[in-house]
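data_26.pdb follows (PDB, C-alpha atoms):
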ATOM      1  CA  MET F 290      -5.170  -6.571  -9.787
ATOM      2  CA  SER F 291      -3.102  -9.631  -8.879
ATOM      3  CA  GLY F 292      -0.146 -11.261 -10.587
ATOM      4  CA  ALA F 293       3.509 -10.678 -11.429
ATOM      5  CA  TYR F 294       3.238  -6.898 -11.963
ATOM      6  CA  CYS F 295       1.154  -4.079 -10.537
ATOM      7  CA  THR F 296      -0.515  -1.308 -12.522
ATOM      8  CA  LEU F 297      -1.023   2.343 -11.711
ATOM      9  CA  GLN F 298      -4.793   1.879 -11.903
ATOM     10  CA  SER F 299      -4.753  -0.988  -9.404
ATOM     11  CA  LEU F 300      -2.754   1.137  -6.960
ATOM     12  CA  VAL F 301      -5.143   4.069  -7.405
ATOM     13  CA  ASN F 302      -8.158   1.792  -6.806
ATOM     14  CA  LEU F 303      -6.831   0.922  -3.352
ATOM     15  CA  ARG F 304      -7.801   4.401  -2.140
ATOM     16  CA  LEU F 305     -11.278   3.084  -1.305
ATOM     17  CA  GLN F 306     -10.025   0.322   1.013
ATOM     18  CA  ALA F 307      -7.495   2.712   2.569
ATOM     19  CA  LYS F 308     -10.314   4.707   4.170
ATOM     20  CA  ASP F 309     -10.664   1.983   6.805
ATOM     21  CA  LEU F 310      -6.933   1.542   7.439
ATOM     22  CA  THR F 311      -5.946   2.709  10.937
ATOM     23  CA  LEU F 312      -2.162   2.861  11.247
ATOM     24  CA  PHE F 313      -2.004   6.291  12.854
ATOM     25  CA  LYS F 314      -2.576   7.520  16.374
ATOM     26  CA  SER F 315      -5.434   9.951  16.928
ATOM     27  CA  GLY F 316      -5.229  13.182  18.823
ATOM     28  CA  ARG F 317      -3.670  15.554  16.321
ATOM     29  CA  SER F 318      -4.407  19.166  17.225
ATOM     30  CA  LEU F 319      -6.982  20.917  15.057
ATOM     31  CA  HIS F 320      -6.473  24.403  16.508
ATOM     32  CA  GLN F 321      -3.626  26.865  16.296
ATOM     33  CA  MET F 322      -3.789  27.791  20.005
ATOM     34  CA  PHE F 323      -2.917  25.527  22.921
ATOM     35  CA  GLY F 324      -4.132  26.095  26.482
ATOM     36  CA  GLY F 325      -2.402  24.616  29.497
ATOM     37  CA  VAL F 326      -1.677  21.371  27.643
ATOM     38  CA  ARG F 327       1.831  20.741  26.346
ATOM     39  CA  SER F 328       2.048  20.733  22.567
ATOM     40  CA  PRO F 329       2.692  17.316  20.976
ATOM     41  CA  PHE F 330       4.879  19.056  18.368
ATOM     42  CA  LYS F 331       8.581  19.516  18.962
ATOM     43  CA  GLY F 332      10.665  22.477  17.858
ATOM     44  CA  ARG F 333       9.562  25.572  16.041
ATOM     45  CA  GLY F 334       8.467  23.817  12.845
ATOM     46  CA  VAL F 335       9.847  24.449   9.374
ATOM     47  CA  ASP F 336       7.048  26.368   7.648
ATOM     48  CA  PHE F 337       8.129  30.005   7.182
ATOM     49  CA  GLU F 338       5.309  32.515   7.821
ATOM     50  CA  GLU F 339       6.664  36.098   7.873
ATOM     51  CA  VAL F 340       9.440  38.510   8.898
ATOM     52  CA  ARG F 341       8.789  41.158  11.555
ATOM     53  CA  ALA F 342      10.791  43.566  13.706
ATOM     54  CA  TYR F 343      12.798  41.861  16.433
ATOM     55  CA  GLN F 344      11.153  41.912  19.874
ATOM     56  CA  PHE F 345      12.661  41.302  23.280
ATOM     57  CA  GLY F 346      12.678  37.570  23.996
ATOM     58  CA  ASP F 347      12.799  36.416  20.363
ATOM     59  CA  ASP F 348      15.212  33.621  19.560
ATOM     60  CA  ILE F 349      18.356  35.255  18.167
ATOM     61  CA  ARG F 350      18.850  32.176  15.959
ATOM     62  CA  SER F 351      15.793  33.295  13.980
ATOM     63  CA  ILE F 352      17.174  36.712  13.067
ATOM     64  CA  ASP F 353      16.973  37.387   9.332
ATOM     65  CA  TRP F 354      20.363  38.989   8.756
ATOM     66  CA  ARG F 355      19.660  40.008   5.161
ATOM     67  CA  VAL F 356      16.522  41.965   6.093
ATOM     68  CA  THR F 357      18.302  43.351   9.164
ATOM     69  CA  ALA F 358      21.173  44.678   7.025
ATOM     70  CA  ARG F 359      18.806  46.131   4.432
ATOM     71  CA  ARG F 360      16.535  47.926   6.926
ATOM     72  CA  MET F 361      19.264  48.749   9.467
ATOM     73  CA  LYS F 362      17.046  47.332  12.219
ATOM     74  CA  PRO F 363      16.894  43.794  13.667
ATOM     75  CA  HIS F 364      14.209  41.578  12.107
ATOM     76  CA  THR F 365      13.346  37.988  12.921
ATOM     77  CA  LYS F 366      11.737  35.143  11.005
ATOM     78  CA  ILE F 367       8.433  33.770  12.249
ATOM     79  CA  PHE F 368       7.647  30.098  11.672
ATOM     80  CA  GLN F 369       4.244  28.449  11.700
ATOM     81  CA  GLU F 370       4.236  25.240  13.690
ATOM     82  CA  GLU F 371       3.721  22.223  11.507
ATOM     83  CA  ARG F 372       0.443  20.335  11.896
ATOM     84  CA  GLU F 373       0.973  17.580   9.316
ATOM     85  CA  ARG F 374       3.251  14.727  10.221
ATOM     86  CA  PRO F 375       5.723  13.568   7.557
ATOM     87  CA  VAL F 376       5.349   9.920   6.559
ATOM     88  CA  MET F 377       8.039   8.118   4.552
ATOM     89  CA  ILE F 378       7.489   4.749   2.883
ATOM     90  CA  LEU F 379      10.627   2.732   2.176
ATOM     91  CA  LEU F 380       9.543   0.276  -0.534
ATOM     92  CA  ASP F 381      11.745  -2.659  -1.523
ATOM     93  CA  GLN F 382      11.535  -3.723  -5.180
ATOM     94  CA  ARG F 383      14.642  -5.891  -5.393
ATOM     95  CA  HIS F 384      14.628  -9.176  -7.288
ATOM     96  CA  SER F 385      14.263 -11.278  -4.150
ATOM     97  CA  LEU F 386      10.660 -10.039  -4.122
ATOM     98  CA  PHE F 387      10.096 -11.032  -7.759
ATOM     99  CA  PHE F 388       8.602 -14.330  -6.675
ATOM    100  CA  GLY F 389       5.177 -15.760  -5.892
ATOM    101  CA  SER F 390       3.450 -19.132  -5.855
ATOM    102  CA  ARG F 391      -0.281 -18.334  -5.613
ATOM    103  CA  LEU F 392      -1.919 -14.910  -5.793
ATOM    104  CA  ASN F 393       0.752 -12.184  -6.129
ATOM    105  CA  PHE F 394       4.451 -11.847  -6.504
ATOM    106  CA  LYS F 395       5.887 -10.445  -3.282
ATOM    107  CA  SER F 396       6.892  -7.294  -5.160
ATOM    108  CA  VAL F 397       3.235  -6.661  -6.075
ATOM    109  CA  THR F 398       2.011  -7.222  -2.519
ATOM    110  CA  ALA F 399       4.698  -4.824  -1.250
ATOM    111  CA  ALA F 400       3.606  -2.180  -3.791
ATOM    112  CA  GLU F 401      -0.055  -2.598  -2.816
ATOM    113  CA  ILE F 402       0.779  -2.231   0.886
ATOM    114  CA  ALA F 403       2.705   0.954   0.073
ATOM    115  CA  ALA F 404      -0.283   2.328  -1.876
ATOM    116  CA  LEU F 405      -2.697   1.572   0.980
ATOM    117  CA  ILE F 406      -0.459   3.325   3.500
ATOM    118  CA  ALA F 407       0.036   6.284   1.145
ATOM    119  CA  TRP F 408      -3.714   6.778   0.639
ATOM    120  CA  ALA F 409      -4.367   6.373   4.383
ATOM    121  CA  THR F 410      -1.696   8.988   5.110
ATOM    122  CA  LEU F 411      -3.276  11.526   2.775
ATOM    123  CA  ASN F 412      -6.736  10.773   4.208
ATOM    124  CA  HIS F 413      -5.327  11.423   7.676
ATOM    125  CA  GLY F 414      -4.071  14.852   6.599
ATOM    126  CA  ASP F 415      -0.371  14.035   6.864
ATOM    127  CA  ARG F 416       2.417  14.532   4.353
ATOM    128  CA  ILE F 417       3.329  11.501   2.252
ATOM    129  CA  GLY F 418       6.615  10.689   0.554
ATOM    130  CA  GLY F 419       8.973   7.804   0.175
ATOM    131  CA  VAL F 420      11.885   5.962  -1.357
ATOM    132  CA  ILE F 421      11.536   3.051  -3.782
ATOM    133  CA  PHE F 422      14.671   1.014  -4.376
ATOM    134  CA  ASN F 423      16.095  -2.000  -6.140
ATOM    135  CA  GLU F 424      19.669  -3.297  -6.456
ATOM    136  CA  GLN F 425      20.844  -0.494  -8.746
ATOM    137  CA  GLU F 426      18.746   2.614  -8.202
ATOM    138  CA  LEU F 427      16.325   4.435  -5.953
ATOM    139  CA  GLN F 428      13.546   6.968  -6.512
ATOM    140  CA  GLU F 429      12.736   9.559  -3.853
ATOM    141  CA  THR F 430       9.558  11.589  -3.400
ATOM    142  CA  ARG F 431       9.718  14.279  -0.713
ATOM    143  CA  PRO F 432       6.760  14.267   1.738
ATOM    144  CA  LYS F 433       3.930  16.630   0.820
ATOM    145  CA  ARG F 434       0.232  16.797   1.654
ATOM    146  CA  SER F 435      -0.718  16.650  -2.004
ATOM    147  CA  ARG F 436      -2.687  14.272  -4.191
ATOM    148  CA  LYS F 437      -0.351  15.177  -7.049
ATOM    149  CA  THR F 438       2.638  14.041  -4.971
ATOM    150  CA  LEU F 439       0.854  10.808  -4.121
ATOM    151  CA  MET F 440       0.067  10.105  -7.781
ATOM    152  CA  HIS F 441       3.721  10.742  -8.664
ATOM    153  CA  TRP F 442       4.742   8.256  -5.967
ATOM    154  CA  LEU F 443       2.336   5.612  -7.297
ATOM    155  CA  ASN F 444       3.560   6.150 -10.851
ATOM    156  CA  GLN F 445       7.165   5.689  -9.727
ATOM    157  CA  THR F 446       6.100   2.521  -7.900
ATOM    158  CA  GLU F 447       4.657   1.046 -11.094
ATOM    159  CA  ILE F 448       7.760   2.003 -13.090
ATOM    160  CA  MET F 449      10.132   0.396 -10.582
ATOM    161  CA  ASN F 450       7.933  -2.705 -10.318
ATOM    162  CA  ARG F 451       7.945  -3.139 -14.115
ATOM    163  CA  LYS F 452      11.746  -3.179 -14.155
ATOM    164  CA  LEU F 453      11.793  -6.549 -12.406
ATOM    165  CA  SER F 454      12.599  -9.509 -14.637
ATOM    166  CA  LEU F 455      14.020 -13.023 -14.338
ATOM    167  CA  ALA F 456      16.853 -12.130 -16.692
ATOM    168  CA  ALA F 457      18.341  -9.721 -14.136
ATOM    169  CA  VAL F 458      17.796 -11.723 -10.931
ATOM    170  CA  ALA F 459      21.435 -12.623 -10.287
ATOM    171  CA  SER F 460      23.112  -9.605 -11.831
ATOM    172  CA  HIS F 461      23.066  -7.134  -8.939
ATOM    173  CA  ASP F 462      24.176  -6.800  -5.327
ATOM    174  CA  ALA F 463      21.015  -7.085  -3.211
ATOM    175  CA  ALA F 464      22.659  -6.316   0.149
ATOM    176  CA  ASN F 465      24.244  -3.081  -1.053
ATOM    177  CA  GLY F 466      20.938  -2.000  -2.600
ATOM    178  CA  MET F 467      19.191  -2.117   0.769
ATOM    179  CA  ALA F 468      22.070  -0.444   2.612
ATOM    180  CA  ARG F 469      22.191   2.360   0.027
ATOM    181  CA  ALA F 470      18.455   3.013   0.403
ATOM    182  CA  LEU F 471      18.570   3.098   4.211
ATOM    183  CA  ARG F 472      21.580   5.407   4.106
ATOM    184  CA  HIS F 473      19.679   7.770   1.807
ATOM    185  CA  VAL F 474      16.576   7.749   4.027
ATOM    186  CA  ARG F 475      18.741   8.636   7.032
ATOM    187  CA  ARG F 476      20.124  11.608   5.111
ATOM    188  CA  VAL F 477      16.784  13.072   3.976
ATOM    189  CA  THR F 478      14.440  12.206   6.861
ATOM    190  CA  HIS F 479      13.648  14.758   9.570
ATOM    191  CA  PRO F 480      13.422  13.543  13.207
ATOM    192  CA  GLY F 481       9.905  12.530  14.223
ATOM    193  CA  THR F 482       8.982  11.073  10.846
ATOM    194  CA  GLN F 483       6.810   7.956  10.653
ATOM    195  CA  ILE F 484       8.655   5.416   8.488
ATOM    196  CA  PHE F 485       7.094   2.277   7.001
ATOM    197  CA  PHE F 486       9.738  -0.177   5.782
ATOM    198  CA  ILE F 487       8.179  -2.736   3.384
ATOM    199  CA  SER F 488      10.492  -5.574   2.373
ATOM    200  CA  ASP F 489      11.194  -9.292   2.545
ATOM    201  CA  PHE F 490      14.333  -8.312   4.530
ATOM    202  CA  GLN F 491      16.542 -10.760   2.653
ATOM    203  CA  HIS F 492      20.250  -9.975   2.304
ATOM    204  CA  MET F 493      20.229  -7.504   5.205
ATOM    205  CA  ASN F 494      23.863  -6.925   6.116
ATOM    206  CA  GLU F 495      25.515  -5.218   9.080
ATOM    207  CA  GLU F 496      25.514  -1.812   7.381
ATOM    208  CA  SER F 497      21.764  -2.003   6.776
ATOM    209  CA  ALA F 498      21.207  -2.944  10.428
ATOM    210  CA  GLN F 499      23.246   0.052  11.583
ATOM    211  CA  HIS F 500      21.282   2.477   9.408
ATOM    212  CA  LEU F 501      18.003   0.977  10.633
ATOM    213  CA  ALA F 502      19.122   1.386  14.247
ATOM    214  CA  GLN F 503      19.915   5.065  13.687
ATOM    215  CA  LEU F 504      16.565   5.673  12.003
ATOM    216  CA  ALA F 505      14.713   4.036  14.901
ATOM    217  CA  ARG F 506      16.407   6.314  17.427
ATOM    218  CA  ASN F 507      14.862   9.511  16.050
ATOM    219  CA  ASN F 508      11.779   8.283  14.185
ATOM    220  CA  GLU F 509       8.868   5.890  14.528
ATOM    221  CA  VAL F 510       9.696   2.929  12.314
ATOM    222  CA  MET F 511       7.319   0.095  11.438
ATOM    223  CA  ALA F 512       8.509  -2.981   9.523
ATOM    224  CA  ILE F 513       6.240  -4.947   7.171
ATOM    225  CA  ASN F 514       7.656  -8.312   6.148
ATOM    226  CA  VAL F 515       6.298  -9.759   2.880
ATOM    227  CA  SER F 516       6.675 -13.508   2.378
ATOM    228  CA  ASP F 517       5.282 -16.359   0.277
ATOM    229  CA  PRO F 518       4.076 -19.787   1.535
ATOM    230  CA  LEU F 519       6.562 -21.544  -0.736
ATOM    231  CA  GLU F 520       9.403 -19.900   1.201
ATOM    232  CA  GLN F 521       8.133 -21.468   4.413
ATOM    233  CA  GLU F 522       7.574 -25.034   3.221
ATOM    234  CA  LEU F 523       8.503 -26.997   0.110
ATOM    235  CA  PRO F 524       5.679 -28.181  -2.190
ATOM    236  CA  LYS F 525       4.350 -31.743  -1.949
ATOM    237  CA  PRO F 526       6.917 -34.503  -2.604
ATOM    238  CA  ASP F 527       7.848 -34.720  -6.285
ATOM    239  CA  GLN F 528      10.561 -33.872  -8.823
ATOM    240  CA  TYR F 529      10.584 -30.147  -9.694
ATOM    241  CA  ARG F 530      12.601 -28.160 -12.221
ATOM    242  CA  ILE F 531      13.325 -24.678 -10.927
ATOM    243  CA  THR F 532      15.152 -21.677 -12.417
ATOM    244  CA  ASP F 533      16.438 -18.276 -11.316
ATOM    245  CA  GLY F 534      16.399 -17.001 -14.875
ATOM    246  CA  LEU F 535      19.992 -18.040 -15.508
ATOM    247  CA  HIS F 536      20.347 -21.566 -14.148
ATOM    248  CA  THR F 537      18.033 -24.600 -14.018
ATOM    249  CA  LEU F 538      18.020 -27.225 -11.290
ATOM    250  CA  THR F 539      15.964 -30.352 -10.521
ATOM    251  CA  VAL F 540      14.897 -30.717  -6.875
ATOM    252  CA  ASN F 541      13.434 -33.793  -5.207
ATOM    253  CA  THR F 542      11.129 -32.454  -2.473
ATOM    254  CA  GLY F 543      10.349 -35.977  -1.281
ATOM    255  CA  ARG F 544      13.556 -36.086   0.774
ATOM    256  CA  SER F 545      12.512 -35.661   4.410
ATOM    257  CA  GLU F 546      15.875 -34.231   5.466
ATOM    258  CA  LEU F 547      15.686 -31.562   2.758
ATOM    259  CA  ARG F 548      12.164 -30.596   3.849
ATOM    260  CA  ARG F 549      13.225 -30.287   7.499
ATOM    261  CA  GLN F 550      16.289 -28.233   6.631
ATOM    262  CA  PHE F 551      14.256 -25.923   4.388
ATOM    263  CA  GLN F 552      11.740 -25.186   7.169
ATOM    264  CA  HIS F 553      14.523 -24.773   9.726
ATOM    265  CA  ASN F 554      16.318 -22.215   7.550
ATOM    266  CA  TYR F 555      13.145 -20.169   7.124
ATOM    267  CA  GLN F 556      12.329 -20.220  10.838
ATOM    268  CA  GLN F 557      15.883 -19.213  11.661
ATOM    269  CA  GLN F 558      15.698 -16.239   9.275
ATOM    270  CA  GLN F 559      12.429 -15.092  10.851
ATOM    271  CA  GLU F 560      13.809 -15.413  14.375
ATOM    272  CA  GLN F 561      16.856 -13.370  13.418
ATOM    273  CA  LEU F 562      14.660 -10.666  11.887
ATOM    274  CA  GLN F 563      12.397 -10.483  14.946
ATOM    275  CA  SER F 564      15.424 -10.370  17.253
ATOM    276  CA  LEU F 565      16.914  -7.488  15.249
ATOM    277  CA  LEU F 566      13.668  -5.501  15.274
ATOM    278  CA  SER F 567      13.144  -6.213  18.980
ATOM    279  CA  ARG F 568      16.556  -4.727  19.712
ATOM    280  CA  TYR F 569      15.474  -1.431  18.136
ATOM    281  CA  ARG F 570      11.850  -1.686  19.360
ATOM    282  CA  ILE F 571      10.467  -1.687  15.839
ATOM    283  CA  PRO F 572       6.934  -3.145  15.495
ATOM    284  CA  LEU F 573       6.497  -5.871  12.878
ATOM    285  CA  ILE F 574       3.583  -6.737  10.600
ATOM    286  CA  GLN F 575       3.597  -9.993   8.624
ATOM    287  CA  ALA F 576       2.048 -10.010   5.132
ATOM    288  CA  SER F 577       1.600 -12.877   2.682
ATOM    289  CA  ALA F 578       1.709 -12.640  -1.114
ATOM    290  CA  ALA F 579      -0.818 -15.499  -1.207
ATOM    291  CA  GLU F 580      -3.680 -13.492   0.333
ATOM    292  CA  PRO F 581      -5.528 -10.311  -0.741
ATOM    293  CA  THR F 582      -3.433  -7.363   0.414
ATOM    294  CA  ALA F 583      -6.202  -5.029   1.577
ATOM    295  CA  MET F 584      -7.885  -7.710   3.707
ATOM    296  CA  GLN F 585      -4.603  -8.456   5.465
ATOM    297  CA  MET F 586      -3.776  -4.839   6.208
ATOM    298  CA  LEU F 587      -7.254  -3.970   7.402
ATOM    299  CA  GLY F 588      -7.245  -6.885   9.810
ATOM    300  CA  SER F 589      -3.621  -6.774  10.944
ATOM    301  CA  ARG F 590      -2.167  -5.640  14.213
ATOM    302  CA  ALA F 591       1.447  -4.681  14.582
ATOM    303  CA  LEU F 592       3.414  -7.200  16.601
ATOM    304  CA  THR F 593       5.302  -5.082  19.124
ATOM    305  CA  PRO F 594       8.489  -6.976  19.973
ATOM    306  CA  LYS F 595       9.666  -7.184  23.562
ATOM    307  CA  PRO F 596      12.790  -5.095  24.217
ATOM    308  CA  VAL F 597      16.035  -7.038  24.246
ATOM    309  CA  SER F 598      19.067  -5.808  26.143
ATOM    310  CA  ALA F 599      21.716  -5.297  23.528
ATOM    311  CA  ARG F 600      24.058  -2.555  22.501
ATOM    312  CA  GLU F 601      22.966  -0.791  19.340
ATOM    313  CA  PRO F 602      25.538  -0.363  16.603
ATOM    314  CA  SER F 603      26.810   3.180  16.318
TER     315      SER F 603
END

Re-express the file's structure as structure tokens.
Amino acid sequence: MSGAYCTLQSLVNLRLQAKDLTLFKSGRSLHQMFGGVRSPFKGRGVDFEEVRAYQFGDDIRSIDWRVTARRMKPHTKIFQEERERPVMILLDQRHSLFFGSRLNFKSVTAAEIAALIAWATLNHGDRIGGVIFNEQELQETRPKRSRKTLMHWLNQTEIMNRKLSLAAVASHDAANGMARALRHVRRVTHPGTQIFFISDFQHMNEESAQHLAQLARNNEVMAINVSDPLEQELPKPDQYRITDGLHTLTVNTGRSELRRQFQHNYQQQQEQLQSLLSRYRIPLIQASAAEPTAMQMLGSRALTPKPVSAREPS
């Protein structure tokens, strides 16, 4: 369903197209035992399996001190190595995305991309979770390999999307909203997580860039930039009345200097975004709110930026 708002049903219907979405690397182990090949999994995992008597060579950090004290004999915790990879979707639903000139509002396209990735993650057998944020609040869903968890995530997506309105466009701090969300994701995400960051990346300040750099050091981050054709080029020459919900302005798009400056500003923003992502080696996918979301994602290839020598913010 296209338009200014998404619906839960439209996000659920995307599960069919998600079957053909290939955003994940193959090669995940299907067997509990490994031969002479090094395991692709790092660490001991976090899934508790059982407690047994301590044996020579066991990691002393795994000793269960409560059981040891109760039985007066050393016991250790056994963990089952994780097989599902956690996937976190960071979905932007700020008011800068509450805009569209043709098919969808950017906020709807972003929500549909999130739904496609979520369904593809579950189909792949990985754990899905995420954070949805706007200027004032955020909603977190911890990663689980569960259809119930996925449906909860989609329901929260619809709720957050429906909170967008013209009346509130200029009433919140967009930059702090993004920084707050990235800070939260850093706090709750385990190293090795696949993170999909879906946004229009407007109002990204230095704090947001620092959090993104830290996330990229320990996780695989992919950025998906949602834009609209009207942001790239002004409409045909004429007099237009525009509003942000609070103020109204008349713009003459026939002025050649205005048209050139508008295009220059957009190109400069995109170059700055690509330079930032290149610095942290974050792949970038471009998506348009003017085209069907599923068709774009099924036919897209991540643009892997070339590394740029620069010192990352600490």

With all atoms listed in the file counted, which protein, DNA or RNA residues have an atom no more than 10 Å from (-2.9, 12.9, -4.5) in the file frame? Please answer as a ChimeraX atom specification.
/F:301,407-408,411-412,417,433-443

With all atoms listed in the file as the counted atoms, please give the residues lying no more than 10 Å from Ala512 (chain F), apart from itself and same-chain residues fewer than 6 positions off, as a ChimeraX atom specification.
/F:379,484-490,566,571-575,591-592

If you apply the PyMOL selection byres ((chain F and resi 422) around 7) to this file, what residues do you get, as a PyMOL selection string?
chain F and resi 380-383+420-421+423-424+426-428+470

Any chance you could resolve the PyMOL selection byres ((chain F and resi 295-298) around 8) against this file and give the residues as a count of residues only?
17

Selection under test: the PyMOL selection byres ((chain F and resi 586) around 12); residues as a VMD selection string
chain F and resid 303 306 to 312 398 to 399 401 to 406 409 513 to 515 574 to 577 580 to 585 587 to 591
